[in-house]
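Asks: Just so it is clear, I am handing over target.cif, which has mmCIF, C-alpha atoms.
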data_target
#
loop_
_atom_site.label_atom_id
_atom_site.label_comp_id
_atom_site.auth_asym_id
_atom_site.auth_seq_id
_atom_site.Cartn_x
_atom_site.Cartn_y
_atom_site.Cartn_z
CA MET N 303 66.35 128.84 56.41
CA ASP N 304 66.10 127.89 52.73
CA GLU N 305 68.01 131.04 51.72
CA ILE N 306 70.85 130.16 54.12
CA LYS N 307 71.01 126.60 52.81
CA GLU N 308 70.86 127.48 49.12
CA TYR N 309 72.68 130.80 48.87
CA GLY N 310 74.57 131.40 52.14
CA GLN N 311 72.58 134.55 52.89
CA THR N 312 70.04 135.79 55.39
CA ASP N 313 68.70 138.97 56.95
CA LEU N 314 69.66 139.94 60.51
CA LYS N 315 66.84 142.05 61.90
CA LYS N 316 65.98 140.92 65.43
CA ASN N 317 68.39 143.32 67.12
CA LYS N 318 68.14 146.12 69.66
CA LYS N 319 69.10 148.65 67.01
CA HIS N 320 66.01 147.75 64.95
CA ARG N 321 68.17 147.61 61.87
CA LYS N 322 67.98 145.17 58.97
CA ILE N 323 71.39 143.80 57.99
CA HIS N 324 71.82 141.56 54.98
CA LEU N 325 74.43 138.83 55.58
CA LEU N 326 76.27 137.52 52.53
CA ASN N 327 78.70 134.59 52.75
CA ILE N 328 81.39 134.29 50.08
CA ILE N 329 82.90 130.87 50.66
CA GLY N 330 84.84 128.21 48.77
CA GLU N 331 85.55 128.97 45.13
CA ILE N 332 84.05 131.86 43.17
CA GLU N 333 82.13 130.12 40.41
CA GLY N 334 81.78 132.11 37.22
CA HIS N 335 80.78 131.15 33.70
CA GLU N 336 81.83 127.54 34.17
CA ASN N 337 80.75 125.14 36.92
CA VAL N 338 83.38 124.14 39.48
CA ALA N 339 84.20 120.49 40.10
CA SER N 340 81.53 118.32 41.67
CA GLY N 341 81.74 118.35 45.46
CA THR N 342 83.57 121.70 45.57
CA LYS N 343 82.12 124.40 47.82
CA ALA N 344 81.34 127.43 45.69
CA THR N 345 79.82 130.89 45.68
CA LYS N 346 77.88 131.31 42.45
CA TYR N 347 78.26 134.57 40.56
CA GLU N 348 74.67 134.45 39.27
CA HIS N 349 73.35 134.13 42.84
CA VAL N 350 75.35 137.00 44.33
CA LEU N 351 74.56 139.76 41.84
CA PRO N 352 70.75 139.63 42.34
CA GLN N 353 71.27 139.65 46.12
CA LEU N 354 73.36 142.81 45.86
CA ALA N 355 70.78 144.46 43.62
CA GLN N 356 68.11 143.58 46.18
CA VAL N 357 70.19 145.09 49.01
CA GLU N 358 70.48 148.34 47.07
CA ASP N 359 66.81 148.46 46.11
CA ASP N 360 65.25 147.39 49.44
CA GLU N 361 64.34 150.44 51.52
CA GLU N 362 64.23 148.33 54.69
CA THR N 363 67.80 147.05 54.33
CA ASP N 364 70.19 149.29 56.28
CA GLY N 365 73.54 147.64 55.59
CA LEU N 366 75.51 144.68 54.23
CA LEU N 367 77.85 142.38 56.16
CA ILE N 368 80.08 140.12 54.04
CA ILE N 369 81.79 137.06 55.53
CA LEU N 370 84.72 135.81 53.44
CA ASN N 371 86.43 132.44 53.45
CA THR N 372 87.40 131.87 49.84
CA VAL N 373 90.27 130.33 47.88
CA GLY N 374 89.58 132.64 44.94
CA GLY N 375 88.23 131.46 41.61
CA ASP N 376 86.91 133.08 38.46
CA VAL N 377 88.79 136.37 38.16
CA GLU N 378 86.39 138.23 35.87
CA CYS N 379 83.31 137.31 37.90
CA GLY N 380 85.01 137.90 41.25
CA LEU N 381 86.07 141.38 40.15
CA ALA N 382 82.54 142.08 38.88
CA ILE N 383 81.12 141.17 42.31
CA ALA N 384 83.70 143.41 44.00
CA GLU N 385 82.79 146.33 41.72
CA MET N 386 79.10 145.87 42.48
CA ILE N 387 79.73 145.79 46.25
CA ALA N 388 81.82 148.95 45.98
CA SER N 389 79.01 150.72 44.09
CA LEU N 390 76.35 150.14 46.78
CA SER N 391 74.97 153.20 48.54
CA LYS N 392 74.27 151.20 51.74
CA PRO N 393 77.02 150.88 54.39
CA THR N 394 79.14 147.73 53.92
CA VAL N 395 81.62 145.84 56.11
CA SER N 396 83.66 142.71 55.33
CA LEU N 397 85.13 140.12 57.68
CA VAL N 398 87.82 137.67 56.55
CA LEU N 399 87.58 134.32 58.33
CA GLY N 400 89.97 131.53 57.41
CA GLY N 401 91.18 133.19 54.25
CA SER N 402 90.44 135.50 51.33
CA HIS N 403 92.86 134.47 48.63
CA SER N 404 93.57 135.58 45.08
CA ILE N 405 90.45 137.36 43.72
CA GLY N 406 89.23 137.30 47.32
CA VAL N 407 91.56 140.26 47.97
CA PRO N 408 89.50 142.73 45.85
CA LEU N 409 86.34 141.30 47.42
CA ALA N 410 87.67 141.93 50.95
CA VAL N 411 88.58 145.56 50.22
CA SER N 412 85.43 146.38 48.24
CA THR N 413 83.49 147.36 51.38
CA ASP N 414 83.49 150.63 53.31
CA TYR N 415 85.45 148.98 56.14
CA SER N 416 87.21 145.63 56.48
CA PHE N 417 88.21 143.25 59.28
CA ILE N 418 90.32 140.11 59.45
CA VAL N 419 90.64 137.65 62.34
CA GLU N 420 94.14 137.13 63.74
CA THR N 421 94.46 133.71 62.12
CA GLY N 422 92.96 134.78 58.79
CA THR N 423 95.14 134.70 55.67
CA MET N 424 95.29 136.56 52.39
CA VAL N 425 97.22 135.23 49.39
CA ILE N 426 98.38 137.76 46.82
CA HIS N 427 99.69 136.45 43.50
CA PRO N 428 99.60 137.34 39.79
CA VAL N 429 96.72 136.27 37.57
CA ARG N 430 97.37 132.84 36.10
CA MET N 431 95.53 130.06 34.31
CA ASN N 432 95.45 126.48 35.59
CA GLY N 433 96.77 123.84 33.22
CA MET N 434 98.52 124.38 29.88
CA PHE N 435 97.74 127.18 27.48
CA ILE N 436 99.33 128.64 24.35
CA GLY N 437 101.62 131.49 25.34
CA VAL N 438 100.90 133.74 22.36
CA PRO N 439 101.26 137.55 22.65
CA GLN N 440 97.48 138.02 22.66
CA THR N 441 97.14 135.77 25.72
CA TYR N 442 99.88 137.68 27.54
CA LYS N 443 98.24 141.04 26.78
CA TYR N 444 94.87 139.74 27.98
CA PHE N 445 96.33 138.60 31.30
CA LYS N 446 98.24 141.87 31.63
CA LYS N 447 95.00 143.86 31.21
CA ILE N 448 93.19 141.76 33.82
CA GLN N 449 96.07 142.22 36.25
CA GLU N 450 96.03 145.98 35.72
CA ARG N 451 92.30 146.06 36.48
CA ILE N 452 92.74 144.09 39.69
CA ASN N 453 95.68 146.23 40.82
CA HIS N 454 93.76 149.43 40.11
CA PHE N 455 90.75 148.25 42.09
CA VAL N 456 92.74 147.11 45.12
CA ILE N 457 94.96 150.17 45.50
CA HIS N 458 91.92 152.48 45.15
CA HIS N 459 89.92 150.67 47.82
CA CYS N 460 92.54 150.29 50.56
CA ASP N 461 95.70 152.01 51.82
CA ILE N 462 98.41 149.90 50.17
CA LYS N 463 100.58 151.59 47.54
CA GLU N 464 100.84 150.11 44.04
CA LYS N 465 104.61 149.56 44.29
CA ARG N 466 104.25 147.59 47.54
CA PHE N 467 101.32 145.60 46.16
CA MET N 468 103.43 144.59 43.17
CA GLU N 469 106.32 143.61 45.45
CA LEU N 470 104.05 141.30 47.42
CA MET N 471 102.59 139.87 44.23
CA THR N 472 105.95 139.03 42.67
CA GLU N 473 107.67 137.71 45.81
CA THR N 474 109.51 134.45 45.03
CA GLU N 475 110.68 133.30 48.46
CA VAL N 476 107.44 133.09 50.46
CA MET N 477 105.27 130.55 48.63
CA THR N 478 106.53 127.08 47.79
CA LYS N 479 106.49 126.44 44.02
CA ASP N 480 104.62 129.66 43.34
CA VAL N 481 105.00 133.44 43.14
CA GLY N 482 103.30 135.74 45.62
CA SER N 483 102.83 136.42 49.33
CA ILE N 484 100.82 135.04 52.22
CA LEU N 485 99.70 137.64 54.75
CA VAL N 486 98.39 136.49 58.13
CA GLY N 487 96.06 138.66 60.23
CA LYS N 488 98.06 141.63 61.46
CA GLN N 489 100.31 141.56 58.39
CA ALA N 490 97.34 142.33 56.16
CA VAL N 491 96.51 145.30 58.41
CA GLN N 492 100.12 146.51 58.58
CA GLU N 493 100.37 146.42 54.79
CA GLY N 494 97.30 148.64 54.55
CA ILE N 495 95.08 146.10 52.80
CA ILE N 496 92.65 145.45 55.67
CA ASN N 497 91.51 148.16 58.08
CA GLU N 498 91.50 146.30 61.38
CA ILE N 499 91.93 143.04 63.29
CA GLY N 500 88.59 141.89 64.66
CA GLY N 501 85.83 139.33 64.74
CA LEU N 502 82.09 139.22 64.23
CA LYS N 503 81.16 141.52 67.12
CA ASP N 504 83.65 144.13 65.88
CA ALA N 505 82.33 143.93 62.33
CA MET N 506 78.74 144.24 63.50
CA LYS N 507 79.57 147.19 65.78
CA LYS N 508 81.33 149.02 62.95
CA LEU N 509 78.45 148.41 60.56
CA TYR N 510 75.95 149.84 63.05
CA GLU N 511 78.21 152.89 63.45
CA LEU N 512 78.32 153.43 59.68
CA ILE N 513 74.53 153.08 59.47
CA GLU N 514 74.00 155.66 62.23
CA LYS N 515 76.22 158.12 60.39
#
Show me, as structure tokens, the structure contained in the file I just sent.

Replies:
Amino acid sequence: MDEIKEYGQTDLKKNKKHRKIHLLNIIGEIEGHENVASGTKATKYEHVLPQLAQVEDDEETDGLLIILNTVGGDVECGLAIAEMIASLSKPTVSLVLGGSHSIGVPLAVSTDYSFIVETGTMVIHPVRMNGMFIGVPQTYKYFKKIQERINHFVIHHCDIKEKRFMELMTETEVMTKDVGSILVGKQAVQEGIINEIGGLKDAMKKLYELIEK
């Protein structure tokens, strides 16, 4: 119970399949090198990476189920988590509940198979920095490189094409006072970002299937 309270993770192992599934929740804001505001729900980068290493190293762990309900957060750290998930040798499945916005998109597609509930949302927009910053060429190039890395990861871990992903990212008529797109449930599946509409039972069933294979 302490692991659930502190880190949003637990092991599911009292099942008929006699399989050990590690459950990882990625909720709130992805906290990276700087602490988020007091009172803000956050998933801490330094907590997630050791959990993923443990999943890979533990011979008794058969698979990983990731539950996502995140507003995004630290881009560098979120992408690092996504890369680590994608590199696991154990079967992995993600389920988007509520939403998986911004850097949550690479996290959602980093698994072997992905689900989203019908009311779940995904927000796709360009990398940006909150507040004011000096718009020097070096800053622009840095953001351009980060965006290229995110785009490369997403299009290589789902079925959406780069041109369509860029169209959704630069849409100007969908989001009020911002650039980007909001995809709800079936739209995320139709665009080729998420594999299937489904809930917890569907995600669990698929993970067991991948383990058996």

Asks: Carefully work through the PyMOL selection byres ((chain N and resi 464) around 12) for this structure and note down the residues it includes, as JSON, numbers by chain.

Replies: {"N": [450, 452, 453, 454, 455, 456, 457, 458, 459, 460, 461, 462, 463, 465, 466, 467, 468, 469, 470, 471, 493, 494, 495]}

Asks: Separation of CA of Leu509 in chain N and CA of Gln492 in chain N, in Å?

Replies: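 So the answer is 21.8 Å.
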
Asks: Might you pull out every residue within 12 Å of Lys318 in chain N, with all atoms listed in the file counted and same-chain residues fewer than 4 positions away left off, and present them as JSON, numbers by chain?

Replies: {"N": [314, 322, 510]}

Asks: Is it possible to get the residues within 9 Å of (76.7, 140.3, 55.0) (coordinates as in the file, counting only C-alpha atoms) written as a list of chain:residue names?

Replies: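 Residues lying no farther than 9 Å from the given point: N:Gln311, N:Thr312, N:Asp313, N:Leu314, N:Ile323, N:His324, N:Leu325, N:Leu326, N:Asn327, N:Gly365, N:Leu366, N:Leu367, N:Ile368, N:Ile369, N:Thr394, N:Val395, N:Ser396, N:Leu397.
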
Asks: I'd like the contact shell of range 398-409 of chain N - 7 Å cut-off, only C-alpha atoms, skipping same-chain residues fewer than 4 positions apart - returned as an NGL selection string.

Replies: :N and (369-375 or 377 or 380-381 or 384 or 417-419 or 421-427 or 455-456)

Asks: Next, the residues of the selection above should be written as a short mmCIF file (atom, residue, chain, number, x, y, z; two decimals), keeping the file's coordinate frame with C-alpha atoms.

Replies:
data_model
loop_
_atom_site.label_atom_id
_atom_site.label_comp_id
_atom_site.auth_asym_id
_atom_site.auth_seq_id
_atom_site.Cartn_x
_atom_site.Cartn_y
_atom_site.Cartn_z
CA ILE N 369 81.79 137.06 55.53
CA LEU N 370 84.72 135.81 53.44
CA ASN N 371 86.43 132.44 53.45
CA THR N 372 87.40 131.87 49.84
CA VAL N 373 90.27 130.33 47.88
CA GLY N 374 89.58 132.64 44.94
CA GLY N 375 88.23 131.46 41.61
CA VAL N 377 88.79 136.37 38.16
CA GLY N 380 85.01 137.90 41.25
CA LEU N 381 86.07 141.38 40.15
CA ALA N 384 83.70 143.41 44.00
CA PHE N 417 88.21 143.25 59.28
CA ILE N 418 90.32 140.11 59.45
CA VAL N 419 90.64 137.65 62.34
CA THR N 421 94.46 133.71 62.12
CA GLY N 422 92.96 134.78 58.79
CA THR N 423 95.14 134.70 55.67
CA MET N 424 95.29 136.56 52.39
CA VAL N 425 97.22 135.23 49.39
CA ILE N 426 98.38 137.76 46.82
CA HIS N 427 99.69 136.45 43.50
CA PHE N 455 90.75 148.25 42.09
CA VAL N 456 92.74 147.11 45.12
#

Asks: Which residue out of N:Lys315, N:Gln356, N:Met506, N:Glu378 has the minimum interatomic distance to Phe445 in chain N when all atoms listed in the file are used?

Replies: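 Nearest candidate to Phe445 in chain N out of N:Lys315, N:Gln356, N:Met506, N:Glu378: N:Glu378.
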